[in-house]
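Please read the structure below before turning to the comments.
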Amino acid sequence: GIQSFPLSPAIAMICCCTEEGQDITLHVRPAVSGPVIPMMDGQSFSVDLDKHDGKALGLTLDLTELNNGPVVAQVSAGCVEDWNEKFPSKAIKVLDVITAVNGKSGSSAEIRKMLAVPQRTLSLTVVRPTERNVILQKTASVGIELKYTKKSMDIVIGSIDEVGLLHKWNLAHPKQSVCSGDRIIAVDGERGQATKLVQMMQEAHTLNMTIVHY
């Protein structure tokens with residue numbers, strides 16, 4: 001099935017929400033075989049599935065970022081896992097974002113609804129993020145809005161203040177710039193729950209963040 005954890009829009013630097021999404025079960029199986037081109041970070045690729053024998057889809061989706069599509073939080077037993085085993089170079093991974101279903105794009109909530117609609121075929125457009133490392137000396141405000149849930153294992157970057165340190169980083173590193181909707185996945189090389197990452201960010205004098213960019 002599909003599990004999800006949405007977040008209401010944050011209005012402060014830090015915002016938590018414990019609302020849980022309803023479970024949905026989809027039954028799909030891989031429909032295509034043959035050689036594939038390995039996917040690189042930053043690339044978009046398609047995953048074509050077909051319903052089969054009552055097997056669950058096997059995805060947990062993170063709806064924290066409302067606009068760009070749901071992000072894969074976990075792949076469990078089900079048809080996506082079967083696809084990954086059959087096509088490892090086009091495997092759906094944690095932190096990939098689903099941007100369209102059967103050629104139709106939409107918000108995270110809209111795409112989740114599309115996944116739940118009974119249909120014979122299911123074609124997912126998936127984008128793999130690129131990883132970036134940002135190091136800031138906290139001499140002033142970092143200037144970012146953070147979005148996450150108590151279940152989150154990363155932090156979504158909301159708005160970026162034009163007078164904050166991250167905005168200055170972007171100006172100095174245009175090819176490695178960070179945008180709204182990107183995710184902080186580690187602080188000082190350490191991963192963990194979002195609440196822990198936020199605490200580490202607050203306590204650090206030198207802020208070393210690993211960020212995935214979409």
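Please note that chains go A, B, ... in the order of the structure tokens, that every chain numbers its residues from 1, and that ligands are numbered from 1 in the order shown.
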So which residues touch Gln74 of chain A within 8 Å, counting only C-alpha atoms, skipping near sequence neighbours fewer than 4 positions away, as a CSV table (one decimal) with N, CA, C and O atoms, in the first residue's frame?
chain,number,residue,atom,x,y,z
A,59,LEU,N,5.1,1.5,-1.0
A,59,LEU,CA,5.8,2.8,-0.9
A,59,LEU,C,5.2,3.6,0.3
A,59,LEU,O,4.0,3.6,0.5
A,60,THR,N,6.1,4.2,1.0
A,60,THR,CA,5.8,5.3,2.0
A,60,THR,C,6.2,6.6,1.4
A,60,THR,O,7.3,6.8,1.0
A,61,LEU,N,5.2,7.5,1.3
A,61,LEU,CA,5.4,8.8,0.7
A,61,LEU,C,5.4,9.9,1.7
A,61,LEU,O,4.6,10.0,2.6
A,93,LYS,N,14.4,4.9,-5.3
A,93,LYS,CA,15.1,5.0,-4.1
A,93,LYS,C,14.5,6.0,-3.1
A,93,LYS,O,13.7,6.9,-3.6
A,94,VAL,N,14.8,5.9,-1.9
A,94,VAL,CA,14.5,6.9,-0.9
A,94,VAL,C,15.0,8.2,-1.3
A,94,VAL,O,16.1,8.3,-1.8
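When the distance limit is 7 Å and only C-alpha atoms are what count, the residues near segment 101-103 of chain A, minus those fewer than 4 positions from it on the same chain, are Ile111, Met114, Leu122, Ser123, Leu124 and Thr125 of chain A.
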As a compact mmCIF listing (two decimals) with C-alpha atoms, in the first residue's frame, please: every residue in segment 137-166 of chain A that a backbone DSSP assignment puts in strand (DSSP E).
# COMPACT_ATOMS: atom_id res chain seq x y z
CA GLN A 137 29.87 29.96 9.74
CA ILE A 144 15.64 29.51 6.20
CA GLU A 145 12.19 28.18 7.01
CA LEU A 146 12.21 24.49 7.99
CA LYS A 147 9.40 22.00 7.40
CA ILE A 155 14.07 18.54 6.74
CA VAL A 156 12.44 20.37 3.84
CA ILE A 157 13.76 23.86 3.18
CA GLY A 158 10.87 26.31 2.88
CA SER A 159 11.47 29.96 2.13
CA ILE A 160 15.01 31.38 2.01
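Pairwise distance (atom CA of Asp154 of chain A, atom CA of Ser44 of chain A) equals 21.7 Å.
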Query - segment 54-187 of chain A: residues DSSP assigns to alpha helix (DSSP H), reported as a PyMOL selection string - result: chain A and resi 79-86+108-116+165-172
Based on the selection just made, write N, CA, C and O atoms of those residues as a CSV table (one decimal), in the first residue's frame.
chain,number,residue,atom,x,y,z
A,79,CYS,N,5.3,-4.3,-5.1
A,79,CYS,CA,5.7,-4.3,-6.5
A,79,CYS,C,6.8,-3.4,-6.9
A,79,CYS,O,7.6,-3.6,-7.8
A,80,VAL,N,6.9,-2.3,-6.2
A,80,VAL,CA,8.1,-1.4,-6.5
A,80,VAL,C,9.4,-2.1,-6.1
A,80,VAL,O,10.4,-2.0,-6.8
A,81,GLU,N,9.4,-2.8,-5.0
A,81,GLU,CA,10.6,-3.5,-4.6
A,81,GLU,C,10.9,-4.6,-5.7
A,81,GLU,O,12.1,-4.8,-6.0
A,82,ASP,N,9.8,-5.3,-6.2
A,82,ASP,CA,10.0,-6.2,-7.3
A,82,ASP,C,10.7,-5.6,-8.5
A,82,ASP,O,11.6,-6.1,-9.1
A,83,TRP,N,10.1,-4.4,-8.8
A,83,TRP,CA,10.7,-3.6,-10.0
A,83,TRP,C,12.2,-3.3,-9.7
A,83,TRP,O,13.0,-3.4,-10.6
A,84,ASN,N,12.5,-2.9,-8.5
A,84,ASN,CA,13.9,-2.5,-8.2
A,84,ASN,C,14.8,-3.7,-8.4
A,84,ASN,O,15.9,-3.5,-8.8
A,85,GLU,N,14.3,-4.9,-8.0
A,85,GLU,CA,15.2,-6.1,-8.1
A,85,GLU,C,15.3,-6.5,-9.6
A,85,GLU,O,16.4,-6.9,-10.0
A,86,LYS,N,14.3,-6.2,-10.4
A,86,LYS,CA,14.4,-6.6,-11.8
A,86,LYS,C,15.1,-5.6,-12.6
A,86,LYS,O,15.8,-5.9,-13.6
A,108,SER,N,1.7,17.2,-4.4
A,108,SER,CA,1.9,15.9,-3.7
A,108,SER,C,0.6,15.2,-3.4
A,108,SER,O,0.5,14.0,-3.6
A,109,ALA,N,-0.4,16.0,-2.9
A,109,ALA,CA,-1.7,15.3,-2.6
A,109,ALA,C,-2.4,14.8,-3.8
A,109,ALA,O,-3.0,13.8,-3.8
A,110,GLU,N,-2.3,15.6,-4.9
A,110,GLU,CA,-2.9,15.2,-6.2
A,110,GLU,C,-2.3,13.9,-6.8
A,110,GLU,O,-3.0,13.0,-7.2
A,111,ILE,N,-1.0,13.9,-6.7
A,111,ILE,CA,-0.3,12.7,-7.2
A,111,ILE,C,-0.6,11.5,-6.4
A,111,ILE,O,-0.8,10.4,-6.9
A,112,ARG,N,-0.7,11.7,-5.1
A,112,ARG,CA,-1.1,10.5,-4.2
A,112,ARG,C,-2.5,10.0,-4.6
A,112,ARG,O,-2.7,8.8,-4.6
A,113,LYS,N,-3.4,10.9,-4.9
A,113,LYS,CA,-4.8,10.5,-5.3
A,113,LYS,C,-4.7,9.8,-6.6
A,113,LYS,O,-5.4,8.8,-6.8
A,114,MET,N,-3.9,10.2,-7.5
A,114,MET,CA,-3.7,9.5,-8.8
A,114,MET,C,-3.2,8.1,-8.6
A,114,MET,O,-3.7,7.2,-9.3
A,115,LEU,N,-2.3,7.9,-7.7
A,115,LEU,CA,-1.8,6.6,-7.4
A,115,LEU,C,-2.9,5.6,-6.9
A,115,LEU,O,-2.8,4.4,-7.0
A,116,ALA,N,-3.9,6.2,-6.3
A,116,ALA,CA,-5.0,5.4,-5.7
A,116,ALA,C,-6.1,5.1,-6.6
A,116,ALA,O,-6.9,4.2,-6.3
A,165,LEU,N,22.3,33.8,5.7
A,165,LEU,CA,23.6,33.2,5.3
A,165,LEU,C,23.4,32.2,4.1
A,165,LEU,O,24.3,32.1,3.3
A,166,LEU,N,22.3,31.5,4.0
A,166,LEU,CA,22.2,30.5,2.9
A,166,LEU,C,22.0,31.3,1.6
A,166,LEU,O,22.5,30.8,0.6
A,167,HIS,N,21.3,32.4,1.6
A,167,HIS,CA,21.2,33.2,0.4
A,167,HIS,C,22.5,33.7,-0.1
A,167,HIS,O,22.8,33.7,-1.3
A,168,LYS,N,23.4,34.1,0.9
A,168,LYS,CA,24.7,34.5,0.5
A,168,LYS,C,25.5,33.4,0.0
A,168,LYS,O,26.3,33.6,-1.0
A,169,TRP,N,25.3,32.2,0.5
A,169,TRP,CA,26.0,31.0,0.0
A,169,TRP,C,25.6,30.8,-1.5
A,169,TRP,O,26.4,30.5,-2.3
A,170,ASN,N,24.3,30.9,-1.7
A,170,ASN,CA,23.8,30.7,-3.1
A,170,ASN,C,24.4,31.7,-4.1
A,170,ASN,O,24.8,31.3,-5.2
A,171,LEU,N,24.6,32.9,-3.6
A,171,LEU,CA,25.2,33.9,-4.5
A,171,LEU,C,26.6,33.6,-4.8
A,171,LEU,O,27.1,33.9,-5.9
A,172,ALA,N,27.3,33.1,-3.8
A,172,ALA,CA,28.8,32.7,-4.0
A,172,ALA,C,29.0,31.4,-4.7
A,172,ALA,O,30.1,31.2,-5.2
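Of note, atom CA of Ala77 of chain A and atom CA of Ala56 of chain A are spaced 7.6 Å apart.
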Report summary line: Here atom CA of Pro129 of chain A and atom CA of Gly164 of chain A stand apart by 24.0 Å
